[in-house]
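Peer 1: Quick one: the structure is below, questions incoming.
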Amino acid sequence: MLKKTYPYVIALVLGLIMVALSFLFFNEEQKVLSGILVGVGAGLFGMGTANLIMKRYEKKNPSVARQSQIELSDERNVMIRAKARAASANIVQWFIIALAYVMIIIDAPLWATLCAVGVYMLYHILSFVYMSRYQKQM
Amino acid sequence: MKNRLEKLRKQRGLRQEELADVLEVSRQTVGSLENGRYNPSILLAFKIARYFDLPIEEIFIYEEGQSC
C-alpha cells in the first residue's frame, strides 16, 4: 500500500517544471541539458501520476489496500525480496569486475576503469558496513 | 519442520485465504507453511498458536538434526 500522497504530488509537479524548463535550454549548445531535463522530468511525471492513480484506487477500495499492505509486509515476501536482491547483487559484482577487466583489455580511459573498480569496492564496503550494523542489531 | 497447520485449518473449516486474512499474511505463505517449504518466524508461530489456542509444539513438530 502506498503511504502518503505528497511525495507523488511533488514528483509530478517537479516533473512538469523540469519538462517546462527544458524548453528554455532548447538550443544547439545546451541540448544535453535540455535532454536530461526532459528525460528526468518525464520520468518523475510518470511515476507521480501512476502512484497517485494507485493511491486513489486504494482509497476507493480499502480491501485492496489492506491486501496490498499484507502482501508488502508478509514476512515470507520480505524474506524472498531480501534474498533475491542479495543474490542478484552478488551476481552483478562479478559482472562489474569483468567489466573492469574488459576496460583494461580494450585500453579504455583510466577514469572509466577506475569507476568500475570503484563500484566494485563500494559493493564490498557497503556489504561490510551492513554486516557490522546487523551484527550489532541482532 | 513438519506441522499440523493444514489439518487444524481444515478442522476449523477454513480456506487458506481465510486463515491468511486472520494471520495477516499472504495466502501463498499459508500454502508454503502447510507444505513445510517455509518455516515461520517465532512471531508468526506464536500468532498461529494463539489463533488455534494450542501450544506451539503441538502445531510445529521439531525433529532432532533439522537445520535452521
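Every chain in the C-alpha cells takes a letter, A first, then B, and so on in the order presented; its residues are numbered from 1, and the ligands are numbered from 1 following the presented order.
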Residues of chain B that have any atom at most 8 Å from an atom of chain A: could you tabulate them with the shortest-distance atom pair and the distance in Å to one decimal, using only C-alpha atoms, ordered by chain and increasing number, as CSV?

Peer 2:
```
residue,atom,partner,partner_atom,distance
B:Glu24,CA,A:Ile70,CA,6.0
B:Val25,CA,A:Asp74,CA,5.1
B:Ser26,CA,A:Glu71,CA,5.7
B:Thr29,CA,A:Arg76,CA,6.3
B:Tyr38,CA,A:Arg76,CA,7.8
B:Ser41,CA,A:Glu75,CA,7.9
```

Peer 1: Keeping C-alpha atoms, export the residues of the selection given above as a CSV table (one decimal), in the first residue's frame.

Peer 2:
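Result saved to selection.csv:
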```
chain,number,residue,atom,x,y,z
B,24,GLU,CA,-2.3,-11.1,8.2
B,25,VAL,CA,-0.1,-13.0,5.8
B,26,SER,CA,-0.4,-13.8,2.1
B,29,THR,CA,2.6,-18.0,2.9
B,38,TYR,CA,8.7,-22.3,4.7
B,41,SER,CA,9.3,-16.6,12.4
```

Peer 1: Which residues come within 12 Å of Tyr51 (chain B), counting only C-alpha atoms, excluding same-chain residues fewer than 5 positions away, as a list in words?

Peer 2: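 Skipping anything fewer than 5 positions along the chain leaves Leu5, Leu8, Arg9, Arg12, Leu19, Ala20, Asp21, Val22, Leu23, Glu24, Leu44, Ala45, Phe46, Ile56 and Ile59 of chain B.
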
Peer 1: Show which residues sit within 12 Å of Ala50 (chain A), as a JSON list (two decimals) with N, CA and C atoms, in the first residue's frame. Count only C-alpha atoms, and ignore same-chain residues fewer than 2 positions away.

Peer 2:
```
[["chain", "number", "residue", "atom", "x", "y", "z"],
["A", 2, "LEU", "N", 0.48, 2.23, -0.78],
["A", 2, "LEU", "CA", 1.23, 3.46, -0.85],
["A", 2, "LEU", "C", 0.84, 4.34, 0.34],
["A", 5, "THR", "N", 0.50, 10.91, 0.12],
["A", 5, "THR", "CA", 0.26, 11.37, -1.24],
["A", 5, "THR", "C", 1.28, 12.42, -1.68],
["A", 8, "TYR", "N", 4.29, 12.04, -4.14],
["A", 8, "TYR", "CA", 3.92, 11.83, -5.54],
["A", 8, "TYR", "C", 3.48, 13.12, -6.21],
["A", 9, "VAL", "N", 2.81, 13.98, -5.41],
["A", 9, "VAL", "CA", 2.42, 15.29, -5.95],
["A", 9, "VAL", "C", 3.68, 16.10, -6.25],
["A", 11, "ALA", "N", 6.65, 14.90, -6.92],
["A", 11, "ALA", "CA", 7.30, 14.30, -8.10],
["A", 11, "ALA", "C", 6.62, 14.76, -9.38],
["A", 12, "LEU", "N", 5.28, 14.78, -9.36],
["A", 12, "LEU", "CA", 4.52, 15.18, -10.54],
["A", 12, "LEU", "C", 4.80, 16.64, -10.91],
["A", 43, "GLY", "N", 10.13, 11.14, -16.47],
["A", 43, "GLY", "CA", 10.16, 10.01, -15.53],
["A", 43, "GLY", "C", 9.45, 10.35, -14.24],
["A", 44, "LEU", "N", 9.76, 11.50, -13.68],
["A", 44, "LEU", "CA", 9.12, 11.93, -12.43],
["A", 44, "LEU", "C", 7.62, 12.13, -12.61],
["A", 45, "PHE", "N", 7.25, 12.73, -13.74],
["A", 45, "PHE", "CA", 5.83, 12.96, -14.02],
["A", 45, "PHE", "C", 5.08, 11.62, -14.11],
["A", 46, "GLY", "N", 5.68, 10.68, -14.83],
["A", 46, "GLY", "CA", 5.06, 9.36, -14.98],
["A", 46, "GLY", "C", 4.93, 8.64, -13.65],
["A", 47, "MET", "N", 5.99, 8.68, -12.86],
["A", 47, "MET", "CA", 5.98, 8.00, -11.57],
["A", 47, "MET", "C", 4.93, 8.62, -10.64],
["A", 48, "GLY", "N", 4.93, 9.96, -10.60],
["A", 48, "GLY", "CA", 3.97, 10.66, -9.75],
["A", 48, "GLY", "C", 2.54, 10.35, -10.14],
["A", 52, "LEU", "N", -0.20, 8.28, -7.92],
["A", 52, "LEU", "CA", -1.42, 8.98, -7.46],
["A", 52, "LEU", "C", -2.67, 8.23, -7.89],
["A", 53, "ILE", "N", -2.64, 7.67, -9.08],
["A", 53, "ILE", "CA", -3.79, 6.87, -9.55],
["A", 53, "ILE", "C", -3.96, 5.65, -8.65],
["A", 54, "MET", "N", -2.84, 5.01, -8.33],
["A", 54, "MET", "CA", -2.86, 3.83, -7.47],
["A", 54, "MET", "C", -3.40, 4.18, -6.09],
["A", 55, "LYS", "N", -2.95, 5.32, -5.59],
["A", 55, "LYS", "CA", -3.38, 5.80, -4.26],
["A", 55, "LYS", "C", -4.89, 6.04, -4.25],
["A", 56, "ARG", "N", -5.40, 6.65, -5.31],
["A", 56, "ARG", "CA", -6.83, 6.94, -5.43],
["A", 56, "ARG", "C", -7.63, 5.62, -5.48],
["A", 57, "TYR", "N", -7.09, 4.67, -6.23],
["A", 57, "TYR", "CA", -7.74, 3.36, -6.35],
["A", 57, "TYR", "C", -7.81, 2.67, -4.98]]
```

Peer 1: Show me, as a ChimeraX atom specification, the residues that have an atom within 9 Å of region 16-20 of chain A when counting only C-alpha atoms, minus same-chain residues fewer than 6 positions from it.

Peer 2: /A:34,37-42,44-45

Peer 1: Restricted to C-alpha atoms, what would the selected residues look like written as a compact mmCIF listing (two decimals), in the first residue's frame?

Peer 2:
```txt
# COMPACT_ATOMS: atom_id res chain seq x y z
CA SER A 34 17.54 20.03 -22.29
CA LEU A 37 15.55 17.75 -18.12
CA VAL A 38 13.03 16.15 -20.48
CA GLY A 39 14.14 12.63 -19.55
CA VAL A 40 14.19 13.07 -15.78
CA GLY A 41 11.09 15.30 -15.85
CA ALA A 42 9.06 12.82 -17.87
CA LEU A 44 9.12 11.93 -12.43
CA PHE A 45 5.83 12.96 -14.02
```

Peer 1: Hey, which of B:Glu64, B:Asp53, B:Glu34, B:Glu17 ends up closest to Lys2 (chain B)? Count only C-alpha atoms.

Peer 2: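 Selected residue with least distance to Lys2 (chain B): B:Glu34.
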
Peer 1: With only C-alpha atoms as the counted atoms, please give the residues lying no more than 12 Å from region 118-127 of chain A, apart from itself and same-chain residues fewer than 3 positions off, as a VMD selection string.

Peer 2: chain A and resid 86 89 to 101 110 to 115 130 to 134

Peer 1: Nearest to Met79 (chain A): which of B:Val30, B:Glu6, B:Asn39, B:Phe60 is it, counting only C-alpha atoms?

Peer 2: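 For Met79 (chain A), the nearest of the candidates is B:Asn39.
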
Peer 1: What is the CA of Arg27 (chain B) to CA of Ile61 (chain B) distance in Å?

Peer 2: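 For CA of Arg27 (chain B) relative to CA of Ile61 (chain B), the distance reads 21.7 Å.
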
Peer 1: What separation in Å, quoted to one decimal, exists between CA of Ser63 (chain A) and CA of Pro7 (chain A)?

Peer 2: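 According to the coordinates, CA of Ser63 (chain A) and CA of Pro7 (chain A) are separated by 23.3 Å.
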
Peer 1: As an exercise, work out the distance from CA of Lys59 (chain A) to CA of Val78 (chain A) in Å and give it to one decimal place.

Peer 2: 24.1 Å

Peer 1: I need the residues of chain B that end up classed as strand (DSSP E or B) by DSSP on the backbone, written out as a count of residues only.

Peer 2: 4

Peer 1: Please report, as a ChimeraX atom specification, each residue of chain B to which DSSP assigns helix (DSSP H, G or I) when run on this structure's backbone.

Peer 2: /B:5-11,16-23,27-35,42-52,56-59

Peer 1: Atoms to include: C-alpha atoms. Write the selected residues as an mmCIF file, in the first residue's frame.

Peer 2:
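again-v4.cif, written as the output of this step:
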```cif
data_model
loop_
_atom_site.group_PDB
_atom_site.id
_atom_site.type_symbol
_atom_site.label_atom_id
_atom_site.label_comp_id
_atom_site.auth_asym_id
_atom_site.auth_seq_id
_atom_site.Cartn_x
_atom_site.Cartn_y
_atom_site.Cartn_z
ATOM 1 C CA LEU B 5 -1.411 -26.465 10.158
ATOM 2 C CA GLU B 6 -3.367 -27.921 7.237
ATOM 3 C CA LYS B 7 -5.144 -30.407 9.484
ATOM 4 C CA LEU B 8 -6.026 -27.737 12.053
ATOM 5 C CA ARG B 9 -7.224 -25.357 9.356
ATOM 6 C CA LYS B 10 -9.456 -27.996 7.795
ATOM 7 C CA GLN B 11 -10.809 -28.983 11.207
ATOM 8 C CA GLN B 16 -6.257 -20.835 3.081
ATOM 9 C CA GLU B 17 -7.400 -17.310 2.170
ATOM 10 C CA GLU B 18 -9.412 -17.004 5.375
ATOM 11 C CA LEU B 19 -6.573 -18.194 7.588
ATOM 12 C CA ALA B 20 -4.169 -15.877 5.758
ATOM 13 C CA ASP B 21 -6.537 -12.975 6.369
ATOM 14 C CA VAL B 22 -6.724 -13.702 10.106
ATOM 15 C CA LEU B 23 -2.952 -14.085 10.411
ATOM 16 C CA ARG B 27 -2.278 -16.952 1.012
ATOM 17 C CA GLN B 28 0.972 -18.190 -0.524
ATOM 18 C CA THR B 29 2.626 -18.032 2.889
ATOM 19 C CA VAL B 30 -0.093 -20.224 4.382
ATOM 20 C CA GLY B 31 0.382 -22.675 1.477
ATOM 21 C CA SER B 32 4.149 -22.735 1.960
ATOM 22 C CA LEU B 33 3.772 -23.249 5.705
ATOM 23 C CA GLU B 34 1.405 -26.163 5.153
ATOM 24 C CA ASN B 35 3.757 -27.772 2.638
ATOM 25 C CA ILE B 42 8.753 -17.095 16.068
ATOM 26 C CA LEU B 43 6.252 -14.210 15.991
ATOM 27 C CA LEU B 44 4.132 -15.822 13.284
ATOM 28 C CA ALA B 45 4.384 -19.189 15.040
ATOM 29 C CA PHE B 46 3.010 -17.571 18.223
ATOM 30 C CA LYS B 47 0.272 -15.857 16.253
ATOM 31 C CA ILE B 48 -0.753 -19.198 14.732
ATOM 32 C CA ALA B 49 -0.608 -20.930 18.117
ATOM 33 C CA ARG B 50 -2.733 -18.212 19.721
ATOM 34 C CA TYR B 51 -5.268 -18.400 16.924
ATOM 35 C CA PHE B 52 -5.682 -22.167 17.272
ATOM 36 C CA ILE B 56 3.444 -24.026 19.529
ATOM 37 C CA GLU B 57 4.911 -27.518 19.892
ATOM 38 C CA GLU B 58 1.511 -29.048 19.184
ATOM 39 C CA ILE B 59 1.429 -27.311 15.818
#
```
